[in-house]
Amino acid sequence: MKQLINKNFTLFASGRMISLLGSGIQNVAIPLYILRTTGSGLMMGTYAFAQLLPQIFLMPLGGVLGDNFNRKKIMVLMDVLSGLTSLFLAFTIVNGVLSIPLLFICQVFLSSFFSIFDTATAAMVPEIVDKDKLLRGNSIIGSIDSTTFIAGPIIGAAIFGLAGIRIV
């Protein structure tokens with residue numbers, strides 16, 4: 001496969017795609033699980049609100065952090081914390097101890113990590129791409145963002161519908 005612009009950009013774009021796709025899958029599957037489990041649209045809506053609230057407050061902080069600290073370290077740390085939280089959720093599912101309150105708590109953390117990740121890393125492209133390739137790099141990242149925002153929920157709904165929350 002031909003390298004996308006340079007090695008660092010390829011790693012960044014690939015990591016961003018995987019992270020956003022996973023978030024998209026999880027962000028649709030868990031509300032569907034809540035709806036299936038509780039039968040309550042209100043509970044599902046409350047979960048969506050719990051998912052959105054940290055983003056409202058933390059996205060500005062993520063931008064400040066990204067401007068003042070190493071963006072790569074922020075990106076890696078937020079992805080590691082998100083991964084650990086997701087593994088914790090998987091552990092609770094496998095062991096049959098998953099609960100709706102636990103989902104809400106974990107979602108607040110996941111949404112917080114994503115808010116900081118997304119805003120802190122949004123400005124990374126100019127740091128890893130030569131000026132003459134910046135337009136192409138931004139276009140590729142924009143395409144990845146758009147594609148994952150569409151594909152993630154579709155894949156998440158399909159996996160949940162076909163195999164349930166354990167596979168998600």
# chains A, B, ... in the order shown; residues from 1 in each chain; ligands from 1
$ residues_around --residues "Ala120 of chain A" --least-positions-apart "6" --cutoff "9 Å" --atoms "only C-alpha atoms" --output "PyMOL selection string"
chain A and resi 59+61-67+69-72+74-75
$ closest_atom_pairs --of "segment 56-110 of chain A" --to "segment 145-165 of chain A" --cutoff "10 Å" --atoms "only C-alpha atoms" --output "tab-separated table"
residue	atom	partner	partner_atom	distance
A:Ala90	CA	A:Ile165	CA	9.0
A:Ile93	CA	A:Ile165	CA	7.9
A:Val94	CA	A:Ile165	CA	9.9
$ write_last_selection --atoms "N, CA and C atoms" --output "JSON list (two decimals), in the first residue's frame"
[["chain", "number", "residue", "atom", "x", "y", "z"],
["A", 90, "ALA", "N", -16.34, -4.39, 28.74],
["A", 90, "ALA", "CA", -16.37, -5.75, 28.18],
["A", 90, "ALA", "C", -16.29, -6.79, 29.31],
["A", 93, "ILE", "N", -19.60, -7.12, 30.97],
["A", 93, "ILE", "CA", -20.56, -7.84, 30.12],
["A", 93, "ILE", "C", -20.30, -9.34, 30.19],
["A", 94, "VAL", "N", -19.05, -9.72, 30.03],
["A", 94, "VAL", "CA", -18.68, -11.14, 30.04],
["A", 94, "VAL", "C", -19.03, -11.79, 31.38]]
$ closest_atom_pairs --of "segment 55-159 of chain A" --to "segment 13-20 of chain A" --cutoff "12 Å" --atoms "only C-alpha atoms" --output "Markdown table"
| residue | atom | partner | partner_atom | distance |
| --- | --- | --- | --- | --- |
| A:Lys72 | CA | A:Gly15 | CA | 11.3 |
| A:Met75 | CA | A:Arg16 | CA | 9.2 |
| A:Val76 | CA | A:Gly15 | CA | 9.5 |
| A:Met78 | CA | A:Ser19 | CA | 10.2 |
| A:Asp79 | CA | A:Ser19 | CA | 7.4 |
| A:Val80 | CA | A:Ser19 | CA | 10.4 |
| A:Leu81 | CA | A:Ser19 | CA | 11.9 |
| A:Ser82 | CA | A:Ser19 | CA | 9.2 |
| A:Gly83 | CA | A:Ser19 | CA | 9.3 |
| A:Ser86 | CA | A:Ser19 | CA | 11.8 |
| A:Leu110 | CA | A:Ser19 | CA | 11.7 |
| A:Ser111 | CA | A:Leu20 | CA | 11.9 |
| A:Phe113 | CA | A:Ser19 | CA | 11.4 |
| A:Phe114 | CA | A:Leu20 | CA | 9.0 |
| A:Ser115 | CA | A:Leu20 | CA | 11.6 |
| A:Phe117 | CA | A:Arg16 | CA | 9.7 |
| A:Asp118 | CA | A:Arg16 | CA | 9.0 |
| A:Thr121 | CA | A:Arg16 | CA | 9.2 |
| A:Ala122 | CA | A:Arg16 | CA | 10.1 |
| A:Met124 | CA | A:Ala13 | CA | 10.4 |
| A:Val125 | CA | A:Ala13 | CA | 9.3 |
| A:Ile128 | CA | A:Ala13 | CA | 10.8 |
| A:Val129 | CA | A:Ala13 | CA | 11.5 |
| A:Gly137 | CA | A:Ala13 | CA | 9.0 |
| A:Asn138 | CA | A:Ala13 | CA | 10.1 |
| A:Ser139 | CA | A:Ala13 | CA | 11.1 |
| A:Ile140 | CA | A:Ala13 | CA | 7.9 |
| A:Ile141 | CA | A:Ala13 | CA | 6.5 |
| A:Gly142 | CA | A:Ala13 | CA | 10.1 |
| A:Ser143 | CA | A:Met17 | CA | 9.8 |
| A:Ile144 | CA | A:Met17 | CA | 6.0 |
| A:Asp145 | CA | A:Met17 | CA | 7.2 |
| A:Ser146 | CA | A:Leu20 | CA | 9.9 |
| A:Thr147 | CA | A:Met17 | CA | 8.8 |
| A:Thr148 | CA | A:Leu20 | CA | 6.0 |
| A:Phe149 | CA | A:Leu20 | CA | 7.3 |
| A:Ile150 | CA | A:Leu20 | CA | 10.4 |
| A:Ala151 | CA | A:Leu20 | CA | 9.8 |
| A:Gly152 | CA | A:Leu20 | CA | 7.5 |
| A:Pro153 | CA | A:Leu20 | CA | 10.5 |
